[in-house]
>>> print(open('target-v2.txt').read())   # compact mmCIF, C-alpha atoms and all ligand atoms
# COMPACT_ATOMS: atom_id res chain seq x y z
CA MET A 1 -9.71 -58.01 -117.27
CA THR A 2 -11.15 -57.58 -113.74
CA ASP A 3 -8.94 -56.46 -110.82
CA LEU A 4 -9.32 -59.91 -109.34
CA THR A 5 -8.13 -61.54 -112.60
CA LYS A 6 -4.83 -59.68 -112.16
CA VAL A 7 -4.54 -60.85 -108.55
CA LEU A 8 -5.24 -64.45 -109.61
CA LEU A 9 -2.77 -64.38 -112.52
CA ARG A 10 -0.06 -63.07 -110.22
CA ARG A 11 -0.77 -65.68 -107.55
CA ILE A 12 -0.83 -68.57 -110.03
CA SER A 13 2.35 -67.46 -111.77
CA GLN A 14 4.08 -67.43 -108.38
CA ASN A 15 2.64 -70.61 -106.85
CA GLY A 16 1.47 -72.75 -109.77
CA PRO A 17 -2.10 -73.82 -110.61
CA MET A 18 -4.69 -73.46 -107.82
CA ALA A 19 -7.48 -75.90 -106.96
CA LEU A 20 -10.91 -74.87 -108.28
CA ALA A 21 -12.02 -74.65 -104.62
CA GLU A 22 -9.39 -72.01 -103.88
CA PHE A 23 -10.40 -70.11 -107.01
CA ILE A 24 -14.08 -70.13 -105.92
CA GLU A 25 -13.23 -69.00 -102.40
CA THR A 26 -11.03 -66.16 -103.69
CA CYS A 27 -13.71 -65.00 -106.16
CA LEU A 28 -16.38 -64.90 -103.46
CA LEU A 29 -14.51 -63.68 -100.43
CA HIS A 30 -11.33 -61.82 -101.49
CA PRO A 31 -11.15 -58.99 -98.91
CA VAL A 32 -11.06 -56.25 -101.57
CA HIS A 33 -12.32 -57.67 -104.87
CA GLY A 34 -14.51 -60.62 -103.74
CA TYR A 35 -18.11 -60.93 -104.96
CA TYR A 36 -19.64 -60.79 -101.47
CA THR A 37 -17.23 -58.04 -100.47
CA GLN A 38 -18.08 -55.59 -103.21
CA GLN A 39 -21.34 -56.39 -105.03
CA ASN A 40 -24.93 -55.63 -104.11
CA VAL A 41 -25.98 -59.21 -104.48
CA PHE A 42 -29.61 -59.05 -103.39
CA GLY A 43 -32.84 -57.78 -104.90
CA ALA A 44 -33.84 -56.94 -108.43
CA SER A 45 -30.54 -55.14 -109.11
CA GLY A 46 -28.52 -58.06 -107.69
CA ASP A 47 -27.90 -61.51 -109.04
CA PHE A 48 -30.45 -63.47 -107.10
CA VAL A 49 -33.73 -63.22 -105.26
CA THR A 50 -33.66 -65.78 -102.49
CA ALA A 51 -36.70 -67.33 -100.75
CA PRO A 52 -36.72 -64.90 -97.78
CA GLU A 53 -36.38 -61.98 -100.22
CA THR A 54 -39.38 -63.35 -102.15
CA SER A 55 -41.84 -63.40 -99.26
CA GLN A 56 -42.02 -62.89 -95.49
CA MET A 57 -43.87 -66.23 -95.32
CA PHE A 58 -40.62 -68.21 -95.71
CA GLY A 59 -38.99 -66.85 -92.54
CA GLU A 60 -42.27 -66.93 -90.61
CA LEU A 61 -42.88 -70.62 -91.32
CA LEU A 62 -39.27 -71.61 -90.60
CA GLY A 63 -39.41 -69.65 -87.34
CA LEU A 64 -42.56 -71.42 -86.18
CA CYS A 65 -41.10 -74.79 -87.21
CA LEU A 66 -37.94 -74.16 -85.20
CA ALA A 67 -39.89 -72.84 -82.19
CA GLN A 68 -42.14 -75.94 -82.23
CA SER A 69 -39.04 -78.15 -82.23
CA TRP A 70 -37.72 -76.10 -79.26
CA GLN A 71 -41.00 -76.72 -77.40
CA ASP A 72 -41.00 -80.42 -78.34
CA GLN A 73 -37.53 -80.71 -76.76
CA GLY A 74 -38.71 -79.21 -73.46
CA CYS A 75 -38.08 -75.47 -74.09
CA PRO A 76 -34.34 -75.55 -73.25
CA ASP A 77 -33.26 -72.27 -71.60
CA PRO A 78 -30.81 -70.78 -72.52
CA PHE A 79 -30.27 -71.80 -76.15
CA VAL A 80 -28.42 -70.49 -79.20
CA LEU A 81 -30.33 -69.35 -82.29
CA LEU A 82 -27.84 -69.33 -85.17
CA GLU A 83 -28.15 -68.35 -88.80
CA LEU A 84 -25.45 -69.36 -91.28
CA GLY A 85 -24.99 -66.77 -94.07
CA PRO A 86 -27.88 -64.40 -93.19
CA GLY A 87 -27.63 -62.24 -96.35
CA ARG A 88 -29.60 -59.02 -95.71
CA GLY A 89 -31.04 -60.41 -92.46
CA SER A 90 -34.58 -60.70 -93.85
CA LEU A 91 -35.10 -64.36 -92.92
CA MET A 92 -34.02 -63.71 -89.33
CA ALA A 93 -36.18 -60.56 -89.06
CA ASP A 94 -39.27 -62.51 -90.24
CA LEU A 95 -38.43 -65.47 -87.98
CA LEU A 96 -38.05 -63.21 -84.93
CA ARG A 97 -41.32 -61.37 -85.63
CA ALA A 98 -43.22 -64.66 -86.05
CA THR A 99 -41.83 -66.14 -82.83
CA SER A 100 -42.17 -63.02 -80.67
CA ARG A 101 -45.32 -64.31 -78.97
CA ILE A 102 -44.03 -67.82 -78.28
CA ASN A 103 -43.80 -68.06 -74.54
CA GLY A 104 -40.21 -67.85 -73.31
CA PHE A 105 -38.56 -68.30 -76.75
CA HIS A 106 -37.00 -64.86 -77.09
CA GLN A 107 -36.15 -64.70 -73.38
CA ALA A 108 -34.15 -67.96 -73.61
CA MET A 109 -32.52 -67.12 -76.96
CA HIS A 110 -28.93 -66.00 -77.61
CA LEU A 111 -28.77 -64.80 -81.20
CA TYR A 112 -25.65 -65.57 -83.28
CA LEU A 113 -24.93 -64.82 -86.95
CA TYR A 114 -22.15 -66.48 -88.97
CA GLU A 115 -21.26 -64.12 -91.82
CA ALA A 116 -18.10 -63.61 -93.87
CA SER A 117 -19.02 -60.33 -95.61
CA LYS A 118 -18.52 -57.08 -93.64
CA LYS A 119 -20.82 -55.32 -96.07
CA LEU A 120 -23.64 -57.74 -95.31
CA VAL A 121 -22.98 -57.51 -91.55
CA ASP A 122 -23.90 -53.80 -91.81
CA GLN A 123 -27.18 -54.62 -93.56
CA GLN A 124 -27.97 -57.34 -91.02
CA ARG A 125 -27.36 -54.91 -88.14
CA LYS A 126 -29.86 -52.45 -89.69
CA ASN A 127 -32.50 -55.09 -90.39
CA LEU A 128 -32.23 -56.54 -86.89
CA THR A 129 -32.43 -53.30 -84.90
CA GLY A 130 -33.84 -54.01 -81.46
CA TYR A 131 -32.13 -57.39 -81.17
CA GLU A 132 -28.54 -57.83 -80.14
CA PRO A 133 -26.99 -60.45 -82.40
CA LEU A 134 -23.39 -61.52 -81.96
CA TRP A 135 -21.40 -62.07 -85.16
CA ILE A 136 -18.90 -64.92 -85.19
CA ASP A 137 -16.14 -65.82 -87.66
CA SER A 138 -15.71 -69.32 -86.30
CA LEU A 139 -18.33 -71.82 -85.11
CA ALA A 140 -15.86 -72.78 -82.37
CA ASP A 141 -16.90 -69.45 -80.74
CA LEU A 142 -20.47 -70.68 -80.10
CA PRO A 143 -21.29 -71.34 -76.44
CA ASN A 144 -21.94 -75.00 -75.55
CA LEU A 145 -25.74 -74.71 -75.42
CA PRO A 146 -28.69 -76.28 -77.27
CA LEU A 147 -28.40 -75.09 -80.87
CA PHE A 148 -31.29 -74.12 -83.14
CA CYS A 149 -29.96 -73.19 -86.55
CA ILE A 150 -31.16 -72.08 -89.99
CA ALA A 151 -29.30 -71.85 -93.30
CA ASN A 152 -30.83 -70.81 -96.62
CA GLU A 153 -28.59 -70.75 -99.71
CA PHE A 154 -25.52 -70.81 -97.47
CA PHE A 155 -23.93 -74.18 -98.22
CA ASP A 156 -24.14 -73.61 -102.01
CA ALA A 157 -21.80 -70.63 -101.53
CA LEU A 158 -19.04 -72.76 -99.98
CA PRO A 159 -16.17 -73.81 -102.27
CA VAL A 160 -16.08 -77.30 -103.77
CA HIS A 161 -13.18 -79.39 -104.99
CA GLN A 162 -13.95 -81.04 -108.30
CA TYR A 163 -12.45 -84.33 -109.51
CA GLN A 164 -12.75 -86.13 -112.82
CA ARG A 165 -12.41 -89.90 -113.07
CA LYS A 166 -9.88 -91.35 -115.50
CA GLY A 167 -9.77 -95.14 -115.33
CA ASN A 168 -9.90 -95.80 -111.59
CA ALA A 169 -8.08 -92.61 -110.60
CA TRP A 170 -9.39 -89.14 -109.72
CA HIS A 171 -7.74 -85.95 -111.04
CA GLU A 172 -8.47 -82.57 -109.49
CA GLN A 173 -9.75 -79.61 -111.50
CA GLN A 174 -7.39 -76.64 -111.25
CA VAL A 175 -7.09 -73.10 -112.57
CA GLY A 176 -3.80 -72.37 -114.33
CA ILE A 177 -2.49 -69.95 -116.94
CA SER A 178 -2.14 -70.33 -120.70
CA ASP A 179 -1.12 -67.46 -123.03
CA GLY A 180 -1.55 -64.97 -120.18
CA GLN A 181 -5.16 -66.08 -119.57
CA LEU A 182 -6.81 -68.16 -116.84
CA LEU A 183 -7.45 -71.70 -117.99
CA MET A 184 -9.08 -74.74 -116.37
CA GLY A 185 -7.29 -78.10 -116.46
CA LEU A 186 -6.86 -81.35 -114.57
CA ASN A 187 -3.94 -82.03 -112.25
CA LYS A 188 -1.76 -84.71 -113.86
CA ASN A 189 -1.14 -86.33 -110.48
CA PRO A 190 -4.11 -88.27 -109.15
CA SER A 191 -5.76 -87.37 -105.82
CA VAL A 192 -6.16 -90.26 -103.41
CA THR A 193 -8.63 -89.99 -100.51
CA PRO A 194 -11.04 -92.52 -98.95
CA GLN A 195 -14.00 -90.34 -100.04
CA LEU A 196 -12.92 -90.47 -103.68
CA GLN A 197 -12.16 -94.19 -103.48
CA ALA A 198 -15.73 -94.77 -102.24
CA ARG A 199 -17.13 -93.11 -105.38
CA ILE A 200 -15.48 -95.67 -107.70
CA GLU A 201 -18.49 -97.91 -107.00
CA ASP A 202 -21.19 -95.58 -108.36
CA THR A 203 -19.35 -93.70 -111.15
CA ALA A 204 -17.85 -94.41 -114.57
CA ALA A 205 -14.74 -93.10 -116.34
CA GLY A 206 -15.20 -89.43 -117.30
CA ASP A 207 -17.62 -88.69 -114.41
CA ILE A 208 -17.10 -85.65 -112.22
CA VAL A 209 -17.66 -85.55 -108.46
CA GLU A 210 -17.54 -82.58 -106.10
CA ILE A 211 -16.48 -82.48 -102.46
CA SER A 212 -16.88 -79.52 -100.10
CA PRO A 213 -14.63 -79.91 -97.05
CA GLN A 214 -16.07 -76.72 -95.49
CA THR A 215 -19.63 -78.06 -95.76
CA GLN A 216 -18.54 -81.29 -94.13
CA ALA A 217 -16.68 -79.51 -91.31
CA ILE A 218 -19.63 -77.22 -90.53
CA ALA A 219 -22.08 -80.15 -90.61
CA ALA A 220 -19.84 -82.07 -88.19
CA GLN A 221 -19.67 -79.10 -85.83
CA ILE A 222 -23.37 -78.18 -85.70
CA GLY A 223 -24.44 -81.85 -85.77
CA ASN A 224 -22.24 -82.59 -82.80
CA GLN A 225 -23.62 -79.67 -80.81
CA ILE A 226 -27.23 -80.65 -81.64
CA GLU A 227 -26.63 -84.27 -80.61
CA SER A 228 -24.88 -83.40 -77.33
CA HIS A 229 -26.97 -80.39 -76.20
CA LYS A 230 -30.35 -80.70 -78.08
CA GLY A 231 -31.47 -78.45 -80.93
CA ALA A 232 -32.22 -78.65 -84.66
CA ALA A 233 -30.93 -77.28 -87.97
CA LEU A 234 -33.16 -76.44 -90.95
CA ILE A 235 -31.11 -76.41 -94.14
CA PHE A 236 -32.49 -75.19 -97.49
CA ASP A 237 -30.50 -75.26 -100.71
CA TYR A 238 -30.06 -76.29 -104.33
CA GLY A 239 -28.76 -79.81 -104.54
CA ASP A 240 -29.43 -83.48 -104.31
CA TRP A 241 -28.83 -86.47 -102.07
CA ARG A 242 -25.55 -87.36 -103.79
CA SER A 243 -23.38 -85.14 -105.99
CA LEU A 244 -22.62 -86.22 -109.53
CA GLY A 245 -21.40 -84.05 -112.37
CA ASP A 246 -20.19 -80.47 -112.70
CA THR A 247 -22.65 -78.22 -110.81
CA VAL A 248 -20.45 -75.13 -110.42
CA GLN A 249 -22.21 -72.11 -111.88
CA ALA A 250 -21.36 -68.46 -112.38
CA VAL A 251 -24.24 -65.95 -112.59
CA LYS A 252 -23.90 -62.25 -113.36
CA ASN A 253 -26.86 -59.90 -113.88
CA HIS A 254 -29.25 -62.89 -113.92
CA GLN A 255 -27.29 -64.57 -116.78
CA TYR A 256 -25.03 -67.61 -116.70
CA VAL A 257 -21.45 -66.61 -117.53
CA ASP A 258 -18.13 -68.40 -117.92
CA LEU A 259 -16.41 -69.06 -114.57
CA LEU A 260 -13.10 -67.57 -115.61
CA THR A 261 -14.22 -64.45 -117.49
CA THR A 262 -15.29 -62.05 -114.72
CA PRO A 263 -13.83 -63.28 -111.41
CA GLY A 264 -15.23 -61.30 -108.46
CA GLU A 265 -18.16 -59.95 -110.48
CA ALA A 266 -20.22 -63.14 -110.78
CA ASP A 267 -21.86 -65.21 -108.08
CA LEU A 268 -20.36 -68.72 -107.94
CA THR A 269 -22.34 -71.62 -106.49
CA ALA A 270 -22.33 -75.41 -106.49
CA HIS A 271 -25.13 -77.84 -105.68
CA VAL A 272 -25.08 -79.19 -102.14
CA ASP A 273 -24.32 -82.88 -101.64
CA PHE A 274 -26.84 -83.48 -98.84
CA GLU A 275 -25.71 -87.07 -98.32
CA ALA A 276 -22.16 -85.99 -97.50
CA LEU A 277 -23.52 -83.20 -95.28
CA ALA A 278 -25.86 -85.54 -93.37
CA HIS A 279 -23.23 -88.25 -92.97
CA CYS A 280 -20.77 -85.81 -91.38
CA ALA A 281 -23.32 -84.73 -88.76
CA PRO A 282 -23.25 -87.14 -85.78
CA CYS A 283 -27.00 -86.67 -85.07
CA ALA A 284 -30.25 -87.77 -86.76
CA HIS A 285 -31.30 -86.33 -90.13
CA SER A 286 -34.60 -86.13 -91.97
CA ARG A 287 -35.36 -87.35 -95.44
CA LEU A 288 -34.45 -84.79 -98.11
CA THR A 289 -37.70 -82.97 -98.96
CA PRO A 290 -38.55 -80.64 -101.84
CA GLN A 291 -38.99 -77.06 -100.57
CA GLY A 292 -42.52 -76.77 -102.01
CA VAL A 293 -43.70 -79.92 -100.23
CA LEU A 294 -42.18 -78.82 -96.94
CA LEU A 295 -43.71 -75.33 -97.08
CA GLU A 296 -47.14 -76.82 -97.83
CA ARG A 297 -46.78 -79.13 -94.81
CA LEU A 298 -45.90 -76.11 -92.67
CA GLY A 299 -49.10 -74.36 -93.77
CA ILE A 300 -47.99 -71.85 -96.38
CA THR A 301 -51.38 -71.86 -98.14
CA PRO A 302 -53.51 -70.86 -95.13
CA ARG A 303 -50.85 -68.28 -94.21
CA ALA A 304 -50.93 -66.90 -97.75
CA GLN A 305 -54.74 -66.68 -97.62
CA ALA A 306 -54.64 -64.84 -94.28
CA LEU A 307 -52.13 -62.29 -95.61
CA ALA A 308 -54.12 -61.88 -98.84
CA LYS A 309 -57.13 -60.56 -96.89
CA ASN A 310 -55.30 -57.27 -96.28
CA LEU A 311 -53.96 -56.84 -99.82
CA SER A 312 -55.36 -55.53 -103.08
CA GLY A 313 -54.25 -54.44 -106.57
CA PRO A 314 -50.60 -55.00 -107.54
CA ALA A 315 -49.73 -56.07 -103.98
CA ILE A 316 -52.01 -59.09 -104.17
CA GLU A 317 -50.70 -60.05 -107.61
CA GLN A 318 -47.18 -59.92 -106.21
CA HIS A 319 -48.19 -61.96 -103.17
CA ILE A 320 -49.78 -64.70 -105.30
CA ALA A 321 -46.69 -64.80 -107.54
CA ALA A 322 -44.42 -65.09 -104.47
CA HIS A 323 -46.43 -68.02 -103.09
CA ARG A 324 -46.16 -69.74 -106.45
CA ARG A 325 -42.45 -68.99 -106.75
CA LEU A 326 -41.65 -70.53 -103.36
CA THR A 327 -43.70 -73.69 -103.83
CA HIS A 328 -44.37 -74.53 -107.48
CA PRO A 329 -42.31 -77.43 -108.91
CA ASP A 330 -41.45 -75.36 -112.00
CA GLU A 331 -40.07 -72.54 -109.85
CA MET A 332 -38.25 -72.96 -106.49
CA GLY A 333 -40.51 -75.74 -105.15
CA LYS A 334 -38.57 -78.73 -106.46
CA VAL A 335 -35.01 -77.66 -107.28
CA PHE A 336 -34.60 -76.40 -103.71
CA LYS A 337 -34.50 -79.09 -101.05
CA ALA A 338 -34.85 -79.06 -97.27
CA LEU A 339 -33.01 -81.21 -94.73
CA ALA A 340 -33.35 -81.16 -90.94
CA LEU A 341 -30.74 -82.25 -88.40
CA PHE A 342 -31.98 -83.11 -84.89
CA PRO A 343 -30.93 -85.22 -81.87
CA LYS A 344 -31.27 -89.00 -82.20
CA ALA A 345 -33.50 -89.00 -79.11
CA ALA A 346 -35.89 -86.31 -80.46
CA ALA A 347 -38.68 -86.20 -83.04
CA PRO A 348 -37.94 -84.48 -86.36
CA PRO A 349 -39.04 -80.81 -86.56
CA PRO A 350 -42.61 -80.30 -87.90
CA GLY A 351 -42.98 -81.05 -91.62
CA PHE A 352 -39.88 -83.28 -91.77
CA GLN A 353 -39.91 -87.09 -91.86
CA THR A 354 -37.25 -89.70 -91.32
N1 LIG B 401 -29.50 -66.69 -96.42
C1 LIG B 401 -29.59 -65.46 -97.21
C2 LIG B 401 -28.33 -65.20 -98.04
C3 LIG B 401 -27.85 -66.27 -98.98
S1 LIG B 401 -26.39 -65.79 -99.86
C4 LIG B 401 -30.83 -65.50 -98.08
O1 LIG B 401 -31.41 -66.56 -98.20
O2 LIG B 401 -31.20 -64.46 -98.62
C5 LIG B 401 -25.07 -66.55 -98.96
C6 LIG B 401 -24.75 -65.91 -97.63
O3 LIG B 401 -23.68 -66.64 -97.04
C7 LIG B 401 -24.28 -64.47 -97.69
O4 LIG B 401 -24.72 -63.80 -96.52
C8 LIG B 401 -22.76 -64.64 -97.72
O5 LIG B 401 -22.05 -63.47 -97.37
C9 LIG B 401 -22.58 -65.76 -96.72
N2 LIG B 401 -21.35 -66.53 -96.88
C10 LIG B 401 -20.85 -67.04 -98.03
N3 LIG B 401 -19.72 -67.73 -97.79
C11 LIG B 401 -19.52 -67.68 -96.44
C12 LIG B 401 -18.52 -68.22 -95.58
N4 LIG B 401 -17.51 -68.95 -96.05
N5 LIG B 401 -18.63 -67.98 -94.26
C13 LIG B 401 -19.66 -67.25 -93.76
N6 LIG B 401 -20.62 -66.70 -94.54
C14 LIG B 401 -20.55 -66.91 -95.86
>>> encode(input="target-v2.txt", output="structure tokens")
Amino acid sequence: MTDLTKVLLRRISQNGPMALAEFIETCLLHPVHGYYTQQNVFGASGDFVTAPETSQMFGELLGLCLAQSWQDQGCPDPFVLLELGPGRGSLMADLLRATSRINGFHQAMHLYLYEASKKLVDQQRKNLTGYEPLWIDSLADLPNLPLFCIANEFFDALPVHQYQRKGNAWHEQQVGISDGQLLMGLNKNPSVTPQLQARIEDTAAGDIVEISPQTQAIAAQIGNQIESHKGAALIFDYGDWRSLGDTVQAVKNHQYVDLLTTPGEADLTAHVDFEALAHCAPCAHSRLTPQGVLLERLGITPRAQALAKNLSGPAIEQHIAAHRRLTHPDEMGKVFKALALFPKAAAPPPGFQT
């Protein structure tokens, strides 16, 4: 039994079953025993290797895409550059290096990082030496300026509520206790919200839908700032246009594990419902685009060829494998999707289409 299992059992025995969303949030962010609080989540020893950890090309291309959108919108000065969930800070470091020669971009930029894990804040500080990022716990702390934002594998880490349809009613998935063990079950009382009612049209009895209120709140906030002050957001994640089915996954040491067995020791994610995200943002949004397609449009192949000129031996093998991993449909190219948010009066950022 993990330390967090004991905390959860105590909490549930005092307060009754907790929503799956609360369980996910506690597993990831508990101040002592949470996954992001205690584990080394990145790299070969961690549970996942994200796109920016795979190759510098990812952050470089996103940086140039964002900077082009900044230029297309008249080079607003000053502006906020924000990353949601920066991990080790690699994406931002690559983005900043690639944009360092873009006239006026760094001079006009105020760098903000939104990060819940104190452990990762320390790594970000080290990786971004020479810049002076400000860390915020609430997006309400952002200054009212044009907002250029990136998020890679951030929204999939936010908790989801899960509901199963019985007849025409929706029942929420909860974590309770049976025989001294954590057990998943549905709330007997139905949940009634307009968002669930709307899903009666495109689902059948037995179907599961997921809703992430935090994703929707963040989309509303950044979308509003982009629409009123200019800017753009580039969002990369697992997911689809509309959520259907149980997509919550637990991964430990590169293996899928049961959600309830090792709370705090496994990474928990859910696919992003990009339709719900886009609809909460009161600005324009692009079509959802597979990551591989988008990176090709942004010029990953010529960039890969240019970098390859200075490599040999194992380094070039690794570089070719990284290019393939980021773009190939059998690897990250198709299962990861990209969405851009931008002002209704502006053109979409390069590579994105409406
Ligand atoms: N973007 C990075 C890291 C992805 S992992 C990369 O691509 O490598 C998810 C990141 O989001 C981590 O930095 C994690 O600590 C952060 N995070 C997760 N939940 C969060 C929350 N509720 N608020 C702020 N940051 C969060």
>>> residues_near_point(input="target-v2.txt", point="(-21.7, -86.4, -84.5)", cutoff="7 Å", atoms="all atoms listed in the file", output="PyMOL selection string")
chain A and resi 220+223-224+227+280-283
>>> residues_near_ligand(input="target-v2.txt", ligand="ligand LIG 401 (chain B)", cutoff="9 Å", atoms="all atoms listed in the file", output="count of residues only")
49
>>> atom_distance(input="target-v2.txt", atom1="CA of Asn187 (chain A)", atom2="CA of Val175 (chain A)")
9.5 Å
>>> closest_residue(input="target-v2.txt", among="A:Gln225, A:Ala204, A:Ala21, A:Ile211", to="Leu82 (chain A)", atoms="all atoms listed in the file")
A:Gln225
>>> closest_residue(input="target-v2.txt", among="A:Trp170, A:Phe148, A:Tyr256, A:Tyr238", to="Gln71 (chain A)", atoms="only C-alpha atoms")
A:Phe148
>>> closest_residue(input="target-v2.txt", among="A:Pro302, A:Gly63, A:Gly245, A:Pro78", to="Gln107 (chain A)", atoms="all atoms listed in the file")
A:Pro78
>>> closest_residue(input="target-v2.txt", among="A:His229, A:Arg11, A:His33, A:Arg97", to="Lys344 (chain A)", atoms="all atoms listed in the file")
A:His229
>>> atom_distance(input="target-v2.txt", atom1="CA of Ser243 (chain A)", atom2="CA of Ile208 (chain A)")
8.9 Å
>>> build_atoms(input="target-v2.txt", residues="region 193-211 of chain A", atoms="N, CA, C and O atoms", output="compact mmCIF listing (two decimals), keeping the file's coordinate frame")
# COMPACT_ATOMS: atom_id res chain seq x y z
N THR A 193 -8.03 -90.13 -101.84
CA THR A 193 -8.63 -89.99 -100.51
C THR A 193 -9.69 -91.09 -100.38
O THR A 193 -10.22 -91.55 -101.38
N PRO A 194 -10.01 -91.48 -99.14
CA PRO A 194 -11.04 -92.52 -98.95
C PRO A 194 -12.38 -92.10 -99.57
O PRO A 194 -13.09 -92.93 -100.14
N GLN A 195 -12.71 -90.79 -99.48
CA GLN A 195 -14.00 -90.34 -100.04
C GLN A 195 -14.07 -90.52 -101.54
O GLN A 195 -15.10 -90.89 -102.10
N LEU A 196 -12.95 -90.27 -102.22
CA LEU A 196 -12.92 -90.47 -103.68
C LEU A 196 -12.94 -91.96 -104.01
O LEU A 196 -13.63 -92.39 -104.93
N GLN A 197 -12.18 -92.73 -103.24
CA GLN A 197 -12.16 -94.19 -103.48
C GLN A 197 -13.58 -94.75 -103.40
O GLN A 197 -13.97 -95.59 -104.20
N ALA A 198 -14.37 -94.25 -102.44
CA ALA A 198 -15.73 -94.77 -102.24
C ALA A 198 -16.61 -94.49 -103.46
O ALA A 198 -17.59 -95.21 -103.70
N ARG A 199 -16.29 -93.46 -104.24
CA ARG A 199 -17.13 -93.11 -105.38
C ARG A 199 -16.80 -93.94 -106.63
O ARG A 199 -17.47 -93.79 -107.65
N ILE A 200 -15.78 -94.79 -106.56
CA ILE A 200 -15.48 -95.67 -107.70
C ILE A 200 -16.68 -96.60 -107.96
O ILE A 200 -17.01 -96.91 -109.09
N GLU A 201 -17.37 -96.96 -106.88
CA GLU A 201 -18.49 -97.91 -107.00
C GLU A 201 -19.65 -97.38 -107.82
O GLU A 201 -20.32 -98.15 -108.51
N ASP A 202 -19.96 -96.07 -107.71
CA ASP A 202 -21.19 -95.58 -108.36
C ASP A 202 -20.91 -94.58 -109.49
O ASP A 202 -21.77 -93.80 -109.86
N THR A 203 -19.67 -94.61 -110.04
CA THR A 203 -19.35 -93.70 -111.15
C THR A 203 -18.68 -94.48 -112.28
O THR A 203 -18.29 -95.63 -112.10
N ALA A 204 -18.55 -93.81 -113.43
CA ALA A 204 -17.85 -94.41 -114.57
C ALA A 204 -16.74 -93.46 -115.01
O ALA A 204 -16.73 -92.28 -114.61
N ALA A 205 -15.83 -93.95 -115.85
CA ALA A 205 -14.74 -93.10 -116.34
C ALA A 205 -15.33 -91.85 -116.99
O ALA A 205 -16.35 -91.92 -117.69
N GLY A 206 -14.71 -90.69 -116.74
CA GLY A 206 -15.20 -89.43 -117.30
C GLY A 206 -16.12 -88.68 -116.35
O GLY A 206 -16.32 -87.47 -116.51
N ASP A 207 -16.70 -89.37 -115.34
CA ASP A 207 -17.62 -88.69 -114.41
C ASP A 207 -16.88 -87.69 -113.53
O ASP A 207 -15.69 -87.84 -113.25
N ILE A 208 -17.64 -86.69 -113.10
CA ILE A 208 -17.10 -85.65 -112.22
C ILE A 208 -17.81 -85.74 -110.86
O ILE A 208 -19.04 -85.91 -110.82
N VAL A 209 -17.05 -85.66 -109.79
CA VAL A 209 -17.66 -85.55 -108.46
C VAL A 209 -17.12 -84.31 -107.76
O VAL A 209 -16.02 -83.83 -108.07
N GLU A 210 -17.93 -83.79 -106.83
CA GLU A 210 -17.54 -82.58 -106.10
C GLU A 210 -17.55 -82.87 -104.60
O GLU A 210 -18.42 -83.58 -104.11
N ILE A 211 -16.57 -82.30 -103.92
CA ILE A 211 -16.48 -82.48 -102.46
C ILE A 211 -16.25 -81.11 -101.83
O ILE A 211 -15.38 -80.35 -102.28
